[in-house]
$ cat target_24.csv   # CSV, C-alpha atoms and all ligand atoms
chain,number,residue,atom,x,y,z
A,1,MET,CA,155.0,43.0,-83.3
A,2,TYR,CA,154.4,41.9,-86.9
A,3,LEU,CA,155.6,43.6,-90.0
A,4,VAL,CA,153.5,43.5,-93.1
A,5,SER,CA,155.2,45.0,-96.2
A,6,ILE,CA,152.8,47.1,-98.4
A,7,ASN,CA,155.3,48.6,-100.8
A,8,ARG,CA,158.9,49.7,-101.0
A,9,PHE,CA,158.3,52.9,-99.0
A,10,SER,CA,155.7,52.0,-96.5
A,11,VAL,CA,155.5,49.3,-93.9
A,12,LEU,CA,152.4,48.8,-91.9
A,13,GLN,CA,153.1,47.9,-88.3
A,14,ILE,CA,150.6,46.1,-86.1
A,15,PHE,CA,150.8,46.5,-82.4
A,16,ASN,CA,149.1,43.9,-80.2
A,17,ASP,CA,147.5,46.0,-77.4
A,18,PRO,CA,145.8,44.3,-74.4
A,19,VAL,CA,143.0,46.8,-74.4
A,20,HIS,CA,142.3,47.5,-78.1
A,21,GLY,CA,143.6,44.3,-79.7
A,22,HIS,CA,145.6,44.6,-83.0
A,23,ILE,CA,146.4,48.2,-83.8
A,24,GLU,CA,147.6,49.3,-87.3
A,25,LEU,CA,149.6,52.5,-87.4
A,26,HIS,CA,150.7,54.7,-90.3
A,27,PRO,CA,154.4,54.3,-91.1
A,28,LEU,CA,155.0,58.0,-90.1
A,29,LEU,CA,153.6,57.4,-86.7
A,30,VAL,CA,155.9,54.3,-86.4
A,31,GLN,CA,158.9,56.5,-87.2
A,32,MET,CA,157.9,58.8,-84.4
A,33,ILE,CA,157.5,55.9,-82.0
A,34,ASP,CA,161.0,54.7,-82.9
A,35,THR,CA,162.7,57.8,-81.5
A,36,PRO,CA,164.4,58.3,-78.1
A,37,GLN,CA,161.9,61.1,-77.2
A,38,PHE,CA,158.9,58.8,-77.7
A,39,GLN,CA,160.6,55.6,-76.3
A,40,ARG,CA,161.1,57.6,-73.1
A,41,LEU,CA,157.4,57.1,-72.4
A,42,ARG,CA,158.1,53.4,-71.7
A,43,TYR,CA,159.6,54.6,-68.4
A,44,ILE,CA,156.9,57.0,-67.3
A,45,LYS,CA,154.2,55.2,-65.4
A,46,GLN,CA,150.7,56.2,-66.4
A,47,LEU,CA,149.4,56.3,-62.8
A,48,GLY,CA,152.6,57.5,-61.1
A,49,THR,CA,153.1,55.9,-57.8
A,50,LYS,CA,149.8,54.0,-57.7
A,51,TYR,CA,151.6,50.7,-58.5
A,52,LEU,CA,152.8,50.8,-54.9
A,53,VAL,CA,149.2,50.4,-53.9
A,54,TYR,CA,147.8,48.5,-56.9
A,55,PRO,CA,150.4,46.0,-58.0
A,56,GLY,CA,149.1,45.8,-61.6
A,57,ALA,CA,149.2,49.5,-62.2
A,58,THR,CA,152.6,49.5,-63.9
A,59,HIS,CA,151.4,50.4,-67.4
A,60,THR,CA,153.1,53.4,-69.0
A,61,ARG,CA,152.4,56.5,-71.1
A,62,PHE,CA,153.9,54.5,-74.0
A,63,GLU,CA,151.0,52.1,-74.6
A,64,HIS,CA,148.4,54.8,-73.6
A,65,SER,CA,149.7,57.1,-76.3
A,66,ILE,CA,149.6,54.4,-78.9
A,67,GLY,CA,146.0,53.6,-77.8
A,68,VAL,CA,145.0,57.2,-78.1
A,69,ALA,CA,146.4,57.5,-81.6
A,70,HIS,CA,144.5,54.4,-82.6
A,71,LEU,CA,141.2,55.7,-81.2
A,72,ALA,CA,141.7,59.1,-82.8
A,73,GLY,CA,142.1,57.3,-86.2
A,74,CYS,CA,138.9,55.2,-85.5
A,75,LEU,CA,136.8,58.3,-84.6
A,76,LEU,CA,138.0,60.2,-87.7
A,77,LYS,CA,137.3,57.2,-89.9
A,78,THR,CA,133.7,57.0,-88.6
A,79,LEU,CA,133.2,60.7,-89.2
A,80,HIS,CA,134.8,60.5,-92.7
A,81,GLU,CA,132.7,57.5,-93.8
A,82,ASN,CA,129.4,58.8,-92.5
A,83,GLN,CA,129.9,62.4,-93.5
A,84,PRO,CA,132.1,62.7,-96.6
A,85,GLU,CA,131.0,66.3,-96.9
A,86,LEU,CA,133.3,67.2,-94.0
A,87,ASN,CA,136.1,66.8,-96.4
A,88,ILE,CA,138.4,65.1,-93.9
A,89,THR,CA,141.7,64.9,-95.7
A,90,LYS,CA,144.7,62.6,-95.4
A,91,GLN,CA,146.6,65.4,-93.8
A,92,ASP,CA,143.8,65.8,-91.2
A,93,PHE,CA,144.1,62.1,-90.3
A,94,LEU,CA,147.8,62.4,-89.9
A,95,CYS,CA,147.8,65.6,-87.9
A,96,VAL,CA,145.1,64.4,-85.4
A,97,GLN,CA,146.8,61.0,-85.0
A,98,ILE,CA,150.3,62.5,-84.5
A,99,ALA,CA,148.8,64.9,-81.9
A,100,ALA,CA,147.2,61.9,-80.2
A,101,LEU,CA,150.4,60.0,-80.2
A,102,CYS,CA,152.5,62.9,-78.9
A,103,HIS,CA,150.0,64.5,-76.5
A,104,ASP,CA,151.6,63.1,-73.3
A,105,MET,CA,155.3,63.3,-74.3
A,106,GLY,CA,155.8,66.2,-71.9
A,107,HIS,CA,155.0,64.2,-68.8
A,108,GLY,CA,157.7,64.0,-66.2
A,109,PRO,CA,158.6,61.2,-63.8
A,110,PHE,CA,155.6,59.5,-62.3
A,111,SER,CA,153.3,61.6,-64.6
A,112,HIS,CA,151.1,64.1,-62.7
A,113,LEU,CA,153.3,63.9,-59.6
A,114,PHE,CA,156.0,65.8,-61.5
A,115,ASP,CA,153.9,68.7,-62.8
A,116,GLY,CA,151.4,68.6,-60.0
A,117,MET,CA,153.6,68.4,-56.9
A,118,PHE,CA,157.3,68.5,-57.7
A,119,ILE,CA,157.6,71.5,-60.1
A,120,PRO,CA,155.2,73.7,-58.1
A,121,GLU,CA,157.2,73.0,-55.0
A,122,VAL,CA,160.7,73.7,-56.4
A,123,LEU,CA,159.7,76.4,-59.0
A,124,PRO,CA,156.7,78.2,-57.4
A,125,GLY,CA,155.3,80.9,-59.8
A,126,ASN,CA,157.2,79.4,-62.8
A,127,ILE,CA,155.3,79.9,-66.1
A,128,TYR,CA,155.3,76.1,-66.6
A,129,VAL,CA,153.4,75.7,-63.3
A,130,VAL,CA,151.0,78.6,-63.7
A,131,LEU,CA,150.0,78.2,-67.3
A,132,LEU,CA,151.6,75.5,-69.3
A,133,LYS,CA,152.1,72.2,-67.4
A,134,HIS,CA,152.8,69.1,-69.4
A,135,GLU,CA,151.0,70.1,-72.5
A,136,GLN,CA,153.6,72.8,-73.4
A,137,ALA,CA,156.4,70.3,-72.5
A,138,SER,CA,154.7,67.9,-74.9
A,139,VAL,CA,154.9,70.5,-77.7
A,140,ASP,CA,158.6,71.2,-76.7
A,141,MET,CA,159.3,67.4,-76.9
A,142,PHE,CA,157.5,67.1,-80.2
A,143,ARG,CA,159.8,69.9,-81.6
A,144,CYS,CA,162.9,68.3,-80.2
A,145,MET,CA,161.8,64.9,-81.6
A,146,ARG,CA,161.3,66.4,-85.1
A,147,LYS,CA,164.6,68.2,-85.0
A,148,LYS,CA,166.8,65.4,-83.6
A,149,ASN,CA,165.4,62.8,-86.0
A,150,GLY,CA,165.0,64.8,-89.2
A,151,LEU,CA,161.2,64.1,-89.2
A,152,ASP,CA,160.1,67.2,-91.0
A,153,LYS,CA,161.4,65.7,-94.3
A,154,GLU,CA,159.5,62.5,-93.5
A,155,MET,CA,156.3,64.5,-92.7
A,156,GLU,CA,156.6,66.2,-96.1
A,157,ARG,CA,157.3,62.9,-97.8
A,158,TYR,CA,154.0,61.6,-96.5
A,159,GLY,CA,152.1,64.6,-97.8
A,160,LEU,CA,151.9,66.9,-94.8
A,161,ASN,CA,152.0,70.6,-95.5
A,162,LEU,CA,154.6,72.4,-93.4
A,163,PRO,CA,154.5,74.6,-91.5
A,164,GLU,CA,150.6,74.8,-91.1
A,165,ASP,CA,150.2,71.1,-90.3
A,166,ILE,CA,152.8,71.4,-87.6
A,167,GLN,CA,151.0,74.4,-86.2
A,168,CYS,CA,147.8,72.3,-86.3
A,169,ILE,CA,149.4,69.4,-84.4
A,170,GLU,CA,150.7,71.7,-81.7
A,171,GLU,CA,147.4,73.4,-81.3
A,172,LEU,CA,145.7,70.0,-81.0
A,173,ILE,CA,148.1,69.1,-78.2
A,174,LEU,CA,147.6,72.4,-76.5
A,175,LYS,CA,143.9,71.6,-76.4
A,176,GLY,CA,142.6,74.1,-79.1
A,177,GLN,CA,140.0,76.6,-78.0
A,178,ARG,CA,136.6,76.5,-76.4
A,179,ASP,CA,134.5,79.2,-78.0
A,180,GLY,CA,134.7,82.9,-79.1
A,181,GLN,CA,136.4,84.1,-82.2
A,182,TRP,CA,138.3,81.4,-84.1
A,183,SER,CA,142.0,81.9,-83.3
A,184,MET,CA,143.5,78.6,-84.5
A,185,LYS,CA,146.1,79.0,-87.2
A,186,GLY,CA,146.5,75.3,-88.3
A,187,ARG,CA,143.0,74.8,-89.6
A,188,THR,CA,140.1,77.1,-90.6
A,189,GLU,CA,136.9,77.2,-88.6
A,190,ASP,CA,135.1,74.6,-90.8
A,191,LYS,CA,137.5,72.0,-89.3
A,192,SER,CA,136.8,73.0,-85.7
A,193,PHE,CA,135.6,69.5,-84.8
A,194,LEU,CA,139.2,68.2,-85.3
A,195,TYR,CA,140.1,70.1,-82.1
A,196,GLU,CA,137.6,68.0,-80.1
A,197,ILE,CA,139.1,64.6,-80.8
A,198,VAL,CA,142.4,64.4,-78.8
A,199,ALA,CA,141.7,66.9,-75.9
A,200,ASN,CA,138.2,68.3,-75.9
A,201,LYS,CA,138.1,71.6,-74.1
A,202,VAL,CA,134.4,71.9,-74.7
A,203,ASN,CA,133.1,69.0,-72.7
A,204,GLY,CA,136.0,66.6,-71.9
A,205,ILE,CA,134.7,63.8,-74.1
A,206,ASP,CA,137.8,62.8,-76.0
A,207,VAL,CA,139.8,59.8,-77.1
A,208,ASP,CA,142.4,60.5,-74.5
A,209,LYS,CA,139.8,59.8,-71.8
A,210,TRP,CA,138.4,56.8,-73.7
A,211,ASP,CA,141.7,55.1,-73.7
A,212,TYR,CA,142.9,55.9,-70.1
A,213,LEU,CA,139.5,55.0,-68.5
A,214,VAL,CA,139.5,51.5,-70.0
A,215,ARG,CA,143.3,51.0,-69.7
A,216,ASP,CA,143.6,52.2,-66.1
A,217,CYS,CA,140.6,50.0,-65.0
A,218,TYR,CA,142.2,47.0,-66.8
A,219,TYR,CA,145.6,47.4,-65.0
A,220,LEU,CA,144.1,48.3,-61.7
A,221,GLY,CA,141.8,45.3,-61.8
A,222,ILE,CA,138.7,47.5,-61.4
A,223,PRO,CA,135.6,46.6,-63.5
A,224,CYS,CA,134.9,49.1,-66.3
A,225,GLY,CA,131.4,49.5,-67.5
A,226,PHE,CA,132.3,52.1,-70.1
A,227,ASP,CA,132.2,51.1,-73.8
A,228,SER,CA,134.0,53.6,-76.1
A,229,GLN,CA,133.0,51.8,-79.2
A,230,ARG,CA,129.3,52.6,-78.8
A,231,LEU,CA,130.1,56.3,-78.5
A,232,LEU,CA,132.5,56.2,-81.4
A,233,LYS,CA,130.0,54.6,-83.7
A,234,SER,CA,127.3,57.3,-82.9
A,235,ALA,CA,129.6,60.3,-83.2
A,236,ARG,CA,128.6,62.9,-85.8
A,237,VAL,CA,129.5,66.4,-86.6
A,238,CYS,CA,126.7,68.9,-86.2
A,239,ASN,CA,126.5,72.7,-86.4
A,240,VAL,CA,125.9,74.1,-82.9
A,241,ASN,CA,126.0,77.8,-82.3
A,242,GLU,CA,127.5,78.3,-85.8
A,243,ARG,CA,130.4,76.0,-85.1
A,244,LYS,CA,131.0,72.4,-86.0
A,245,HIS,CA,131.0,70.2,-82.9
A,246,ILE,CA,131.2,66.4,-82.4
A,247,CYS,CA,127.8,65.3,-81.1
A,248,PHE,CA,126.5,61.9,-80.0
A,249,ARG,CA,123.2,60.2,-80.6
A,250,ASP,CA,120.6,60.7,-77.8
A,251,LYS,CA,120.5,56.9,-77.4
A,252,VAL,CA,124.1,56.9,-76.0
A,253,ALA,CA,123.5,59.5,-73.3
A,254,ASP,CA,123.8,56.7,-70.7
A,255,ASN,CA,127.2,55.8,-72.1
A,256,ILE,CA,128.3,59.4,-71.6
A,257,TYR,CA,127.1,59.2,-68.0
A,258,GLY,CA,128.9,55.9,-67.8
A,259,MET,CA,132.1,57.5,-69.0
A,260,PHE,CA,132.0,60.3,-66.4
A,261,HIS,CA,130.9,57.8,-63.7
A,262,THR,CA,133.8,55.5,-64.5
A,263,ARG,CA,136.1,58.5,-64.2
A,264,TYR,CA,134.6,59.4,-60.9
A,265,THR,CA,134.9,55.8,-59.6
A,266,LEU,CA,138.5,55.6,-60.8
A,267,HIS,CA,139.4,58.7,-58.9
A,268,ARG,CA,137.6,57.8,-55.8
A,269,GLN,CA,138.7,54.2,-55.7
A,270,ALA,CA,142.2,54.3,-57.0
A,271,LEU,CA,143.7,57.7,-57.8
A,272,GLN,CA,142.6,59.2,-54.4
A,273,HIS,CA,143.4,56.0,-52.5
A,274,LYS,CA,144.5,57.1,-49.0
A,275,ILE,CA,147.7,55.1,-49.0
A,276,GLY,CA,148.5,56.4,-52.5
A,277,TYR,CA,148.2,59.9,-51.1
A,278,ILE,CA,150.5,59.1,-48.2
A,279,ILE,CA,153.1,57.7,-50.7
A,280,ASP,CA,152.8,60.7,-52.9
A,281,VAL,CA,153.6,63.0,-50.0
A,282,LYS,CA,156.8,60.9,-49.5
A,283,TRP,CA,157.8,62.1,-52.9
A,284,ASP,CA,159.3,65.2,-51.4
A,285,ALA,CA,162.4,63.0,-51.6
A,286,LEU,CA,162.6,64.4,-55.2
A,287,VAL,CA,162.4,67.9,-53.8
A,288,VAL,CA,165.1,67.2,-51.2
A,289,ALA,CA,167.4,65.6,-53.9
A,290,ASP,CA,166.9,68.4,-56.5
A,291,GLY,CA,170.2,70.0,-57.3
A,292,LYS,CA,172.2,67.4,-55.3
A,293,LEU,CA,172.1,64.3,-57.6
A,294,SER,CA,174.2,66.0,-60.3
A,295,PRO,CA,176.8,68.7,-59.3
A,296,ASP,CA,175.9,71.1,-62.2
A,297,ARG,CA,172.2,70.4,-62.9
A,298,LYS,CA,169.0,70.4,-61.0
A,299,ILE,CA,166.3,67.8,-61.9
A,300,SER,CA,163.9,70.8,-62.3
A,301,ASP,CA,166.2,72.4,-64.9
A,302,ALA,CA,165.3,69.7,-67.4
A,303,ILE,CA,161.9,71.3,-68.2
A,304,ASP,CA,164.0,74.0,-70.1
A,305,ASP,CA,166.2,71.5,-71.9
A,306,MET,CA,164.4,68.8,-73.8
A,307,LEU,CA,167.5,66.7,-74.4
A,308,GLU,CA,168.0,66.5,-70.6
A,309,TYR,CA,164.2,65.9,-70.2
A,310,THR,CA,164.5,63.0,-72.6
A,311,LYS,CA,166.7,61.3,-69.9
A,312,LEU,CA,164.5,62.2,-67.0
A,313,THR,CA,162.1,59.3,-66.3
A,314,ASP,CA,160.8,57.2,-63.3
A,315,HIS,CA,164.4,55.9,-63.1
A,316,VAL,CA,165.1,59.0,-60.9
A,317,PHE,CA,163.5,56.9,-58.1
A,318,ASP,CA,166.1,54.2,-58.3
A,319,GLN,CA,168.8,56.8,-58.8
A,320,ILE,CA,168.0,58.4,-55.5
A,321,LEU,CA,167.3,55.2,-53.7
A,322,ASN,CA,170.5,53.5,-54.8
A,323,GLN,CA,173.0,56.3,-54.5
A,324,SER,CA,175.5,56.1,-51.6
A,325,ASP,CA,176.4,59.8,-51.4
A,326,SER,CA,177.2,61.1,-48.0
A,327,ASN,CA,175.6,64.5,-48.7
A,328,ALA,CA,173.1,65.2,-46.0
A,329,ASP,CA,170.2,66.0,-48.4
A,330,LEU,CA,170.8,62.9,-50.5
A,331,ALA,CA,171.0,60.8,-47.4
A,332,LYS,CA,167.7,62.2,-46.3
A,333,ALA,CA,166.1,61.7,-49.7
A,334,ARG,CA,167.4,58.1,-49.8
A,335,SER,CA,166.0,57.5,-46.3
A,336,ILE,CA,162.5,58.8,-47.3
A,337,LEU,CA,162.4,56.3,-50.3
A,338,GLN,CA,163.7,53.5,-48.1
A,339,ASP,CA,160.7,54.1,-45.9
A,340,VAL,CA,158.4,53.8,-49.0
A,341,VAL,CA,160.1,50.6,-50.1
A,342,ASN,CA,160.0,49.1,-46.6
A,343,ARG,CA,156.4,50.3,-46.1
A,344,ARG,CA,157.2,52.4,-43.1
A,345,LEU,CA,154.4,54.8,-43.8
A,346,PRO,CA,152.5,57.2,-41.6
A,347,LYS,CA,149.1,55.9,-40.4
A,348,PHE,CA,146.0,57.2,-42.0
A,349,VAL,CA,143.9,59.1,-39.5
A,350,GLY,CA,140.8,60.2,-41.4
A,351,GLU,CA,139.4,62.1,-44.4
A,352,ALA,CA,136.8,64.7,-45.1
A,353,ARG,CA,134.6,64.7,-48.1
A,354,LEU,CA,133.9,67.9,-50.0
A,355,ASN,CA,130.5,69.6,-49.5
A,356,GLU,CA,128.3,68.4,-52.3
A,357,LYS,CA,125.7,71.2,-52.0
A,358,GLU,CA,126.5,72.4,-55.5
A,359,LEU,CA,125.9,69.1,-57.2
A,360,LYS,CA,122.7,69.2,-59.2
A,361,VAL,CA,120.2,66.5,-60.0
A,362,PRO,CA,120.6,65.5,-63.7
A,363,TYR,CA,117.9,66.6,-66.0
A,364,TRP,CA,117.2,66.7,-69.7
A,365,CYS,CA,116.1,69.7,-71.7
A,366,ASN,CA,115.2,70.0,-75.3
A,367,LYS,CA,116.5,73.2,-76.7
A,368,THR,CA,116.9,74.0,-80.4
A,369,HIS,CA,116.6,70.3,-81.1
A,370,LEU,CA,119.6,69.5,-79.0
A,371,LEU,CA,119.6,67.7,-75.7
A,372,CYS,CA,121.7,69.1,-73.0
A,373,VAL,CA,122.9,66.8,-70.2
A,374,LYS,CA,123.5,68.5,-66.9
A,375,ALA,CA,126.5,67.4,-65.0
A,376,PHE,CA,125.9,65.8,-61.6
A,377,PHE,CA,129.2,64.2,-60.8
A,378,SER,CA,131.3,67.4,-60.7
A,379,LYS,CA,131.5,70.7,-62.4
A,380,LYS,CA,134.8,69.6,-64.0
A,381,ALA,CA,133.0,66.9,-66.0
A,382,LYS,CA,131.5,69.6,-68.2
A,383,LEU,CA,128.6,67.3,-69.2
A,384,HIS,CA,126.4,70.4,-69.7
A,385,ASN,CA,128.4,71.1,-72.9
A,386,ALA,CA,127.8,67.6,-74.4
A,387,TYR,CA,125.6,68.0,-77.4
A,388,MET,CA,123.3,65.1,-78.4
A,389,TYR,CA,121.5,64.8,-81.7
A,390,ILE,CA,118.1,63.2,-82.0
A,391,ASN,CA,117.6,62.5,-85.7
A,392,SER,CA,120.6,62.9,-88.0
A,393,GLU,CA,118.4,63.7,-91.1
A,394,LEU,CA,116.6,66.5,-89.3
A,395,LEU,CA,119.4,68.0,-87.3
A,396,CYS,CA,122.4,67.6,-89.6
A,397,PRO,CA,121.3,68.7,-93.1
A,398,PRO,CA,124.0,68.1,-95.6
A,401,ZN,ZN,146.8,61.0,-72.2
$ encode --input "target_24.csv" --output "structure tokens"
Amino acid sequence: MYLVSINRFSVLQIFNDPVHGHIELHPLLVQMIDTPQFQRLRYIKQLGTKYLVYPGATHTRFEHSIGVAHLAGCLLKTLHENQPELNITKQDFLCVQIAALCHDMGHGPFSHLFDGMFIPEVLPGNIYVVLLKHEQASVDMFRCMRKKNGLDKEMERYGLNLPEDIQCIEELILKGQRDGQWSMKGRTEDKSFLYEIVANKVNGIDVDKWDYLVRDCYYLGIPCGFDSQRLLKSARVCNVNERKHICFRDKVADNIYGMFHTRYTLHRQALQHKIGYIIDVKWDALVVADGKLSPDRKISDAIDDMLEYTKLTDHVFDQILNQSDSNADLAKARSILQDVVNRRLPKFVGEARLNEKELKVPYWCNKTHLLCVKAFFSKKAKLHNAYMYINSELLCPP
């Protein structure tokens, strides 16, 4: 890491990232990075247990979050330079980049394994499981980070307007809203496009995905045909159904297909790897050990106490594996993890693919000067909500 002094109050830090190259971040973001709550992400693997199948997949939420903050800044810069009439302010830049930086702070040990398998098992019906998942935990951690490190004063020093900018950041982390009456409090409706940058609820095309697709492929050793720079350069805000949405030039439609196809390939090839699944099932060691590792606290209690959650990372694996407690449950949990380490895994018998009857052939339609792309990989891809513009002069009058 290099330090370049700009003036007495601000220091520009440059991070050398294997995926994006040299990344410059605002000093306020660097102050957030240098807190225990953010540093914790160094110990949360991005792909959970997949490193036990793909040896290179040891990258963490730490570098992913920095990458997302970088891409969020790049996308905003493109929009701001090409469309000054959007009136993207310095505060908008900071809010979106902070939300991008903090969007995954709520992940538990081994990322989705925690909120996808562990918590539903030990706390069935809990509101965290039913509604909130890691996004709410990210907001809780963001609040804890601000409070414990006196960051509100720093945020004001850099020109943020509190409390509305904090509200905006939290809404951005919680994914904003899809349609209907405008209910966001942090920004008025004329800034609706800001809510599609970090976590896009409308069509899933966001900088979070742009970073993790390229990064995951890089560390898994899987070729990645997706080029986020091309999408980024063609992004433009257009009025669609009386709301400002981020749209992409029709020429990059193939890149959008490429993005969802890369996601599909990543899931099929790596994230749904059969041995990976078998190892994930072995993670009931965490369930067995819950409430036994510490006499007065359960692992699952940490979701209600962010100071405890700050200490809860992938290290829990070693904690269970290396304890020598004679308690029957802990011995059982230890034995399960020893099986993983020594590769004593159940044999894979077979798999069944889902019925693909519902998948439709892709087609183009030209409605109200907008091209709609129909999803053909999965309904989840939400490609049908991706708006493309044909001619910026015609479609996006100033
Ligand atoms: Zn993410």
$ closest_residue --input "target_24.csv" --among "A:Glu24, A:Asp211, A:Glu156, A:Glu81" --to "ligand ZN 401 (chain A)" --atoms "all atoms listed in the file"
A:Asp211
$ residues_near_ligand --input "target_24.csv" --ligand "ligand ZN 401 (chain A)" --cutoff "8 Å" --atoms "all atoms listed in the file" --output "NGL selection string"
:A and (61 or 64-65 or 68 or 103-104 or 208-209 or 211-212)
$ atom_distance --input "target_24.csv" --atom1 "CA of Gly106 in chain A" --atom2 "CA of Asp152 in chain A"
19.6 Å
$ atom_distance --input "target_24.csv" --atom1 "CA of Leu25 in chain A" --atom2 "CA of Cys74 in chain A"
11.2 Å
$ atom_distance --input "target_24.csv" --atom1 "CA of Pro109 in chain A" --atom2 "CA of Ile44 in chain A"
5.7 Å
$ decode --input "target_24.csv" --residues "range 194-207 of chain A" --atoms "N, CA and C atoms" --output "PDB file, in the first residue's frame"
ATOM      1  N   LEU A 194     -29.525   6.044  -7.874  1.00  0.00           N
ATOM      2  CA  LEU A 194     -28.456   5.738  -6.911  1.00  0.00           C
ATOM      3  C   LEU A 194     -28.690   4.375  -6.266  1.00  0.00           C
ATOM      4  N   TYR A 195     -29.968   4.017  -6.145  1.00  0.00           N
ATOM      5  CA  TYR A 195     -30.334   2.765  -5.470  1.00  0.00           C
ATOM      6  C   TYR A 195     -30.139   1.538  -6.366  1.00  0.00           C
ATOM      7  N   GLU A 196     -29.622   1.737  -7.570  1.00  0.00           N
ATOM      8  CA  GLU A 196     -29.397   0.592  -8.473  1.00  0.00           C
ATOM      9  C   GLU A 196     -27.908   0.309  -8.668  1.00  0.00           C
ATOM     10  N   ILE A 197     -27.075   0.963  -7.903  1.00  0.00           N
ATOM     11  CA  ILE A 197     -25.628   0.824  -8.128  1.00  0.00           C
ATOM     12  C   ILE A 197     -25.029  -0.324  -7.308  1.00  0.00           C
ATOM     13  N   VAL A 198     -25.290  -0.341  -6.009  1.00  0.00           N
ATOM     14  CA  VAL A 198     -24.660  -1.347  -5.139  1.00  0.00           C
ATOM     15  C   VAL A 198     -25.428  -2.669  -5.179  1.00  0.00           C
ATOM     16  N   ALA A 199     -26.720  -2.591  -4.951  1.00  0.00           N
ATOM     17  CA  ALA A 199     -27.538  -3.806  -4.933  1.00  0.00           C
ATOM     18  C   ALA A 199     -28.816  -3.496  -5.699  1.00  0.00           C
ATOM     19  N   ASN A 200     -28.873  -3.907  -6.934  1.00  0.00           N
ATOM     20  CA  ASN A 200     -29.972  -3.534  -7.816  1.00  0.00           C
ATOM     21  C   ASN A 200     -31.132  -4.519  -7.696  1.00  0.00           C
ATOM     22  N   LYS A 201     -32.196  -4.055  -7.058  1.00  0.00           N
ATOM     23  CA  LYS A 201     -33.358  -4.920  -6.860  1.00  0.00           C
ATOM     24  C   LYS A 201     -34.185  -5.034  -8.136  1.00  0.00           C
ATOM     25  N   VAL A 202     -33.993  -4.112  -9.058  1.00  0.00           N
ATOM     26  CA  VAL A 202     -34.806  -4.099 -10.276  1.00  0.00           C
ATOM     27  C   VAL A 202     -34.394  -5.222 -11.218  1.00  0.00           C
ATOM     28  N   ASN A 203     -33.099  -5.346 -11.493  1.00  0.00           N
ATOM     29  CA  ASN A 203     -32.681  -6.360 -12.468  1.00  0.00           C
ATOM     30  C   ASN A 203     -31.406  -7.114 -12.098  1.00  0.00           C
ATOM     31  N   GLY A 204     -30.848  -6.837 -10.941  1.00  0.00           N
ATOM     32  CA  GLY A 204     -29.673  -7.585 -10.491  1.00  0.00           C
ATOM     33  C   GLY A 204     -28.375  -7.174 -11.159  1.00  0.00           C
ATOM     34  N   ILE A 205     -28.402  -6.120 -11.987  1.00  0.00           N
ATOM     35  CA  ILE A 205     -27.159  -5.671 -12.627  1.00  0.00           C
ATOM     36  C   ILE A 205     -26.551  -4.602 -11.722  1.00  0.00           C
ATOM     37  N   ASP A 206     -25.554  -4.975 -10.944  1.00  0.00           N
ATOM     38  CA  ASP A 206     -24.977  -4.018  -9.999  1.00  0.00           C
ATOM     39  C   ASP A 206     -23.480  -4.279  -9.826  1.00  0.00           C
ATOM     40  N   VAL A 207     -22.818  -3.337  -9.187  1.00  0.00           N
ATOM     41  CA  VAL A 207     -21.360  -3.438  -9.076  1.00  0.00           C
ATOM     42  C   VAL A 207     -20.929  -4.536  -8.105  1.00  0.00           C
TER      43      VAL A 207
END
